[in-house]
Amino acid sequence: MNSLASCIFCKIVKGEIPCMKLLETESVLAFMDIGPIAKGHCLIIPKYHAEKLTDLPEDQMKDILPACKKIATATRADNFNLLQNNGRAAHQVVDHVHFHIIPKPSDAGDKE
Ligand code: 5GP
Ligand code: ZN
């Protein structure tokens with residue numbers, strides 16, 4: 001469990017850790033994933049620190065889905081997954097709400 005002070009994504013928001021930034025609004029940041037599982041794998045996060053989606057105030061949510069749509073469109077991937085993990089059993093590693101966009105090559109089938 002990461003507190004706000006030690007949260008790696010809060011440090012990215014504050015510019016204390018570098019990232020390859022894709023999009024920024026008043027409340028949202030999108031950047032490339034440091035360990036991509038597919039070409040173009042990126043992350044969309046609220047700037048507000050909340051561990052899980054259920055902890056995120058609704059007024060911090062309004063820019064997230066439009067940002068996901070913009071990023072997904074920019075990747076030009078016809079096939080992609082929008083993934084959002086909550087809790088260890090659901091494979092959440094970084095305890096700051098984030099959405100993955102994971103492009104899928106159209107010939108990948110279920111292999112990736
Ligand atoms: P989770 O499993 O929590 O849903 O995914 C966390 C994601 O954050 C992983 O895909 C991981 O590669 C990415 N990540 C972890 N630390 C950093 C970092 O310092 N910078 C960036 N850009 N991505 C990170
Ligand atoms: Zn955080």
# chains A, B, ... in the order shown; residues from 1 in each chain; ligands from 1

$ closest_atom_pairs --of "chain A" --to "ligand 1" --cutoff "8 Å" --atoms "only C-alpha atoms and all ligand atoms" --output "JSON lines"
{"residue": "A:Ile8", "atom": "CA", "partner": "ligand 1", "partner_atom_place_in_ligand_line": "19 (O)", "distance": 6.0}
{"residue": "A:Phe9", "atom": "CA", "partner": "ligand 1", "partner_atom_place_in_ligand_line": "19 (O)", "distance": 7.0}
{"residue": "A:Ile12", "atom": "CA", "partner": "ligand 1", "partner_atom_place_in_ligand_line": "19 (O)", "distance": 7.4}
{"residue": "A:Ile17", "atom": "CA", "partner": "ligand 1", "partner_atom_place_in_ligand_line": "19 (O)", "distance": 7.0}
{"residue": "A:Pro18", "atom": "CA", "partner": "ligand 1", "partner_atom_place_in_ligand_line": "20 (N)", "distance": 7.5}
{"residue": "A:Cys19", "atom": "CA", "partner": "ligand 1", "partner_atom_place_in_ligand_line": "22 (N)", "distance": 5.4}
{"residue": "A:Met20", "atom": "CA", "partner": "ligand 1", "partner_atom_place_in_ligand_line": "22 (N)", "distance": 6.9}
{"residue": "A:Phe31", "atom": "CA", "partner": "ligand 1", "partner_atom_place_in_ligand_line": "22 (N)", "distance": 6.2}
{"residue": "A:Met32", "atom": "CA", "partner": "ligand 1", "partner_atom_place_in_ligand_line": "22 (N)", "distance": 5.3}
{"residue": "A:Asp33", "atom": "CA", "partner": "ligand 1", "partner_atom_place_in_ligand_line": "22 (N)", "distance": 4.1}
{"residue": "A:Ile34", "atom": "CA", "partner": "ligand 1", "partner_atom_place_in_ligand_line": "23 (N)", "distance": 4.0}
{"residue": "A:Gly35", "atom": "CA", "partner": "ligand 1", "partner_atom_place_in_ligand_line": "12 (O)", "distance": 3.9}
{"residue": "A:Pro36", "atom": "CA", "partner": "ligand 1", "partner_atom_place_in_ligand_line": "12 (O)", "distance": 6.1}
{"residue": "A:Ile37", "atom": "CA", "partner": "ligand 1", "partner_atom_place_in_ligand_line": "10 (O)", "distance": 7.5}
{"residue": "A:Cys42", "atom": "CA", "partner": "ligand 1", "partner_atom_place_in_ligand_line": "22 (N)", "distance": 7.7}
{"residue": "A:Leu43", "atom": "CA", "partner": "ligand 1", "partner_atom_place_in_ligand_line": "8 (O)", "distance": 7.3}
{"residue": "A:Leu83", "atom": "CA", "partner": "ligand 1", "partner_atom_place_in_ligand_line": "4 (O)", "distance": 7.7}
{"residue": "A:Gln84", "atom": "CA", "partner": "ligand 1", "partner_atom_place_in_ligand_line": "4 (O)", "distance": 6.2}
{"residue": "A:Asn85", "atom": "CA", "partner": "ligand 1", "partner_atom_place_in_ligand_line": "4 (O)", "distance": 4.9}
{"residue": "A:Asn86", "atom": "CA", "partner": "ligand 1", "partner_atom_place_in_ligand_line": "4 (O)", "distance": 7.5}
{"residue": "A:His91", "atom": "CA", "partner": "ligand 1", "partner_atom_place_in_ligand_line": "2 (O)", "distance": 5.1}
{"residue": "A:Gln92", "atom": "CA", "partner": "ligand 1", "partner_atom_place_in_ligand_line": "3 (O)", "distance": 3.6}
{"residue": "A:Val93", "atom": "CA", "partner": "ligand 1", "partner_atom_place_in_ligand_line": "3 (O)", "distance": 3.4}
{"residue": "A:Val94", "atom": "CA", "partner": "ligand 1", "partner_atom_place_in_ligand_line": "3 (O)", "distance": 4.0}
{"residue": "A:Asp95", "atom": "CA", "partner": "ligand 1", "partner_atom_place_in_ligand_line": "3 (O)", "distance": 6.6}
{"residue": "A:His96", "atom": "CA", "partner": "ligand 1", "partner_atom_place_in_ligand_line": "3 (O)", "distance": 7.8}
{"residue": "A:His98", "atom": "CA", "partner": "ligand 1", "partner_atom_place_in_ligand_line": "4 (O)", "distance": 6.8}
{"residue": "A:Phe99", "atom": "CA", "partner": "ligand 1", "partner_atom_place_in_ligand_line": "4 (O)", "distance": 7.4}
{"residue": "A:His100", "atom": "CA", "partner": "ligand 1", "partner_atom_place_in_ligand_line": "4 (O)", "distance": 7.1}

$ residues_near_ligand --ligand "ligand 2" --cutoff "8 Å" --atoms "only C-alpha atoms and all ligand atoms" --output "PyMOL selection string"
chain A and resi 2-11+47-51+95-97

$ write_last_selection --atoms "N, CA and C atoms" --output "mmCIF file, in the first residue's frame"
data_model
loop_
_atom_site.group_PDB
_atom_site.id
_atom_site.type_symbol
_atom_site.label_atom_id
_atom_site.label_comp_id
_atom_site.auth_asym_id
_atom_site.auth_seq_id
_atom_site.Cartn_x
_atom_site.Cartn_y
_atom_site.Cartn_z
ATOM 1 N N ASN A 2 0.666 2.138 -0.947
ATOM 2 C CA ASN A 2 1.480 3.344 -1.049
ATOM 3 C C ASN A 2 0.723 4.523 -0.461
ATOM 4 N N SER A 3 1.406 5.311 0.394
ATOM 5 C CA SER A 3 0.781 6.547 0.845
ATOM 6 C C SER A 3 0.995 7.587 -0.243
ATOM 7 N N LEU A 4 0.287 8.696 -0.127
ATOM 8 C CA LEU A 4 0.420 9.763 -1.108
ATOM 9 C C LEU A 4 1.871 10.205 -1.225
ATOM 10 N N ALA A 5 2.591 10.310 -0.083
ATOM 11 C CA ALA A 5 3.972 10.817 -0.101
ATOM 12 C C ALA A 5 4.904 9.899 -0.875
ATOM 13 N N SER A 6 4.690 8.602 -0.811
ATOM 14 C CA SER A 6 5.611 7.669 -1.467
ATOM 15 C C SER A 6 5.078 7.153 -2.794
ATOM 16 N N CYS A 7 3.902 7.600 -3.193
ATOM 17 C CA CYS A 7 3.252 7.063 -4.391
ATOM 18 C C CYS A 7 4.022 7.462 -5.658
ATOM 19 N N ILE A 8 4.381 6.461 -6.416
ATOM 20 C CA ILE A 8 5.194 6.694 -7.621
ATOM 21 C C ILE A 8 4.430 7.511 -8.665
ATOM 22 N N PHE A 9 3.130 7.300 -8.777
ATOM 23 C CA PHE A 9 2.367 8.062 -9.772
ATOM 24 C C PHE A 9 2.150 9.510 -9.304
ATOM 25 N N CYS A 10 2.026 9.736 -7.994
ATOM 26 C CA CYS A 10 1.964 11.118 -7.500
ATOM 27 C C CYS A 10 3.287 11.831 -7.794
ATOM 28 N N LYS A 11 4.390 11.096 -7.686
ATOM 29 C CA LYS A 11 5.702 11.697 -8.004
ATOM 30 C C LYS A 11 5.786 12.037 -9.489
ATOM 31 N N LYS A 47 -4.941 12.936 -11.470
ATOM 32 C CA LYS A 47 -3.861 13.548 -10.684
ATOM 33 C C LYS A 47 -4.124 13.387 -9.181
ATOM 34 N N TYR A 48 -5.373 13.299 -8.842
ATOM 35 C CA TYR A 48 -5.790 13.106 -7.447
ATOM 36 C C TYR A 48 -5.361 11.721 -6.979
ATOM 37 N N HIS A 49 -4.758 11.627 -5.796
ATOM 38 C CA HIS A 49 -4.345 10.313 -5.293
ATOM 39 C C HIS A 49 -5.520 9.569 -4.686
ATOM 40 N N ALA A 50 -5.859 8.444 -5.298
ATOM 41 C CA ALA A 50 -6.828 7.511 -4.721
ATOM 42 C C ALA A 50 -6.323 6.124 -5.076
ATOM 43 N N GLU A 51 -6.416 5.214 -4.132
ATOM 44 C CA GLU A 51 -5.842 3.879 -4.376
ATOM 45 C C GLU A 51 -6.651 3.089 -5.401
ATOM 46 N N ASP A 95 -0.615 1.535 -6.260
ATOM 47 C CA ASP A 95 -1.850 1.887 -5.556
ATOM 48 C C ASP A 95 -2.264 3.335 -5.799
ATOM 49 N N HIS A 96 -2.400 3.672 -7.040
ATOM 50 C CA HIS A 96 -2.948 4.969 -7.480
ATOM 51 C C HIS A 96 -3.772 4.619 -8.720
ATOM 52 N N VAL A 97 -5.037 4.972 -8.691
ATOM 53 C CA VAL A 97 -5.947 4.587 -9.785
ATOM 54 C C VAL A 97 -5.304 4.844 -11.141
#

$ atom_distance --atom1 "atom CA of A:Pro46" --atom2 "atom CA of A:Gln60"
6.7 Å

$ select_by_dssp --residues "chain A" --states "strand (DSSP E or B)" --output "PDB file with C-alpha atoms, in the first residue's frame"
ATOM      1  CA  LYS A  21       3.861  12.320 -21.293  1.00  0.00           C
ATOM      2  CA  LEU A  22       1.070  11.933 -23.847  1.00  0.00           C
ATOM      3  CA  LEU A  23      -1.712  14.165 -22.569  1.00  0.00           C
ATOM      4  CA  GLU A  24      -2.392  16.400 -19.601  1.00  0.00           C
ATOM      5  CA  VAL A  28      -5.651  13.826 -15.690  1.00  0.00           C
ATOM      6  CA  LEU A  29      -2.228  12.718 -16.904  1.00  0.00           C
ATOM      7  CA  ALA A  30      -1.487  10.108 -19.577  1.00  0.00           C
ATOM      8  CA  PHE A  31       1.967   8.651 -20.163  1.00  0.00           C
ATOM      9  CA  MET A  32       3.727   5.620 -21.596  1.00  0.00           C
ATOM     10  CA  CYS A  42       0.170   3.537 -21.855  1.00  0.00           C
ATOM     11  CA  LEU A  43      -1.492   4.674 -18.649  1.00  0.00           C
ATOM     12  CA  ILE A  44      -4.149   7.285 -17.878  1.00  0.00           C
ATOM     13  CA  ILE A  45      -4.333   8.464 -14.275  1.00  0.00           C
ATOM     14  CA  PRO A  46      -6.249  11.023 -12.239  1.00  0.00           C
ATOM     15  CA  PHE A  80      -7.103  -2.598 -27.721  1.00  0.00           C
ATOM     16  CA  ASN A  81      -7.908  -3.368 -24.109  1.00  0.00           C
ATOM     17  CA  LEU A  82      -8.839  -0.695 -21.576  1.00  0.00           C
ATOM     18  CA  LEU A  83      -7.815  -2.264 -18.277  1.00  0.00           C
ATOM     19  CA  PHE A  99      -6.265   2.859 -16.655  1.00  0.00           C
ATOM     20  CA  HIS A 100      -4.127   0.856 -19.060  1.00  0.00           C
ATOM     21  CA  ILE A 101      -4.560   1.132 -22.796  1.00  0.00           C
ATOM     22  CA  ILE A 102      -3.046  -1.983 -24.325  1.00  0.00           C
ATOM     23  CA  PRO A 103      -3.113  -2.067 -28.123  1.00  0.00           C
TER      24      PRO A 103
END

$ select_by_dssp --residues "chain A" --states "helix (DSSP H, G or I)" --output "JSON, numbers by chain"
{"A": [8, 9, 10, 11, 12, 13, 14, 53, 54, 55, 58, 59, 60, 64, 65, 66, 67, 68, 69, 70, 71, 72, 73, 74, 75, 88, 89, 90]}

$ write_last_selection --atoms "N, CA and C atoms" --output "mmCIF file, in the first residue's frame"
data_model
loop_
_atom_site.group_PDB
_atom_site.id
_atom_site.type_symbol
_atom_site.label_atom_id
_atom_site.label_comp_id
_atom_site.auth_asym_id
_atom_site.auth_seq_id
_atom_site.Cartn_x
_atom_site.Cartn_y
_atom_site.Cartn_z
ATOM 1 N N ILE A 8 4.381 6.461 -6.416
ATOM 2 C CA ILE A 8 5.194 6.694 -7.621
ATOM 3 C C ILE A 8 4.430 7.511 -8.665
ATOM 4 N N PHE A 9 3.130 7.300 -8.777
ATOM 5 C CA PHE A 9 2.367 8.062 -9.772
ATOM 6 C C PHE A 9 2.150 9.510 -9.304
ATOM 7 N N CYS A 10 2.026 9.736 -7.994
ATOM 8 C CA CYS A 10 1.964 11.118 -7.500
ATOM 9 C C CYS A 10 3.287 11.831 -7.794
ATOM 10 N N LYS A 11 4.390 11.096 -7.686
ATOM 11 C CA LYS A 11 5.702 11.697 -8.004
ATOM 12 C C LYS A 11 5.786 12.037 -9.489
ATOM 13 N N ILE A 12 5.200 11.204 -10.328
ATOM 14 C CA ILE A 12 5.165 11.510 -11.773
ATOM 15 C C ILE A 12 4.311 12.763 -12.000
ATOM 16 N N VAL A 13 3.167 12.849 -11.334
ATOM 17 C CA VAL A 13 2.297 14.028 -11.469
ATOM 18 C C VAL A 13 3.052 15.290 -11.063
ATOM 19 N N LYS A 14 3.858 15.198 -9.988
ATOM 20 C CA LYS A 14 4.587 16.376 -9.478
ATOM 21 C C LYS A 14 5.864 16.665 -10.273
ATOM 22 N N LEU A 53 -10.507 2.670 -7.721
ATOM 23 C CA LEU A 53 -11.577 3.432 -8.377
ATOM 24 C C LEU A 53 -12.680 3.795 -7.382
ATOM 25 N N THR A 54 -12.929 2.884 -6.445
ATOM 26 C CA THR A 54 -13.991 3.128 -5.458
ATOM 27 C C THR A 54 -13.609 4.223 -4.453
ATOM 28 N N ASP A 55 -12.332 4.623 -4.416
ATOM 29 C CA ASP A 55 -11.887 5.704 -3.521
ATOM 30 C C ASP A 55 -11.878 7.060 -4.224
ATOM 31 N N GLU A 58 -16.112 11.524 -7.402
ATOM 32 C CA GLU A 58 -16.695 11.608 -8.749
ATOM 33 C C GLU A 58 -16.252 12.851 -9.497
ATOM 34 N N ASP A 59 -15.968 13.948 -8.758
ATOM 35 C CA ASP A 59 -15.546 15.161 -9.476
ATOM 36 C C ASP A 59 -14.131 15.042 -10.043
ATOM 37 N N GLN A 60 -13.441 13.955 -9.718
ATOM 38 C CA GLN A 60 -12.102 13.736 -10.284
ATOM 39 C C GLN A 60 -12.144 12.779 -11.483
ATOM 40 N N ILE A 64 -11.413 11.500 -17.337
ATOM 41 C CA ILE A 64 -10.681 10.243 -17.539
ATOM 42 C C ILE A 64 -11.110 9.513 -18.806
ATOM 43 N N LEU A 65 -12.403 9.276 -18.961
ATOM 44 C CA LEU A 65 -12.828 8.498 -20.139
ATOM 45 C C LEU A 65 -12.581 9.254 -21.448
ATOM 46 N N PRO A 66 -12.854 10.582 -21.493
ATOM 47 C CA PRO A 66 -12.488 11.316 -22.709
ATOM 48 C C PRO A 66 -10.980 11.224 -23.011
ATOM 49 N N ALA A 67 -10.147 11.243 -21.965
ATOM 50 C CA ALA A 67 -8.692 11.115 -22.185
ATOM 51 C C ALA A 67 -8.368 9.725 -22.727
ATOM 52 N N CYS A 68 -9.007 8.704 -22.177
ATOM 53 C CA CYS A 68 -8.790 7.333 -22.683
ATOM 54 C C CYS A 68 -9.175 7.261 -24.161
ATOM 55 N N LYS A 69 -10.279 7.884 -24.512
ATOM 56 C CA LYS A 69 -10.721 7.848 -25.911
ATOM 57 C C LYS A 69 -9.714 8.555 -26.814
ATOM 58 N N LYS A 70 -9.235 9.727 -26.371
ATOM 59 C CA LYS A 70 -8.259 10.472 -27.183
ATOM 60 C C LYS A 70 -6.987 9.663 -27.386
ATOM 61 N N ILE A 71 -6.495 9.059 -26.304
ATOM 62 C CA ILE A 71 -5.247 8.284 -26.387
ATOM 63 C C ILE A 71 -5.463 7.059 -27.278
ATOM 64 N N ALA A 72 -6.563 6.372 -27.076
ATOM 65 C CA ALA A 72 -6.836 5.167 -27.881
ATOM 66 C C ALA A 72 -6.930 5.539 -29.358
ATOM 67 N N THR A 73 -7.545 6.656 -29.650
ATOM 68 C CA THR A 73 -7.661 7.112 -31.036
ATOM 69 C C THR A 73 -6.273 7.423 -31.602
ATOM 70 N N ALA A 74 -5.443 8.074 -30.775
ATOM 71 C CA ALA A 74 -4.104 8.458 -31.239
ATOM 72 C C ALA A 74 -3.213 7.249 -31.506
ATOM 73 N N THR A 75 -3.448 6.158 -30.781
ATOM 74 C CA THR A 75 -2.625 4.963 -31.026
ATOM 75 C C THR A 75 -2.970 4.308 -32.366
ATOM 76 N N ARG A 88 -4.757 -6.270 -4.922
ATOM 77 C CA ARG A 88 -3.707 -7.236 -5.255
ATOM 78 C C ARG A 88 -4.245 -8.471 -5.986
ATOM 79 N N ALA A 89 -5.394 -8.963 -5.529
ATOM 80 C CA ALA A 89 -5.939 -10.174 -6.152
ATOM 81 C C ALA A 89 -6.341 -9.910 -7.595
ATOM 82 N N ALA A 90 -6.520 -8.627 -7.912
ATOM 83 C CA ALA A 90 -6.884 -8.242 -9.281
ATOM 84 C C ALA A 90 -5.672 -7.668 -10.020
#

$ closest_residue --among "A:Lys39, A:Ser106, A:Asp78, A:Ser27" --to "A:Pro57" --atoms "only C-alpha atoms"
A:Ser27

$ closest_residue --among "A:Glu26, A:Glu16, A:Lys104, A:His41" --to "A:Ala77" --atoms "only C-alpha atoms"
A:Lys104
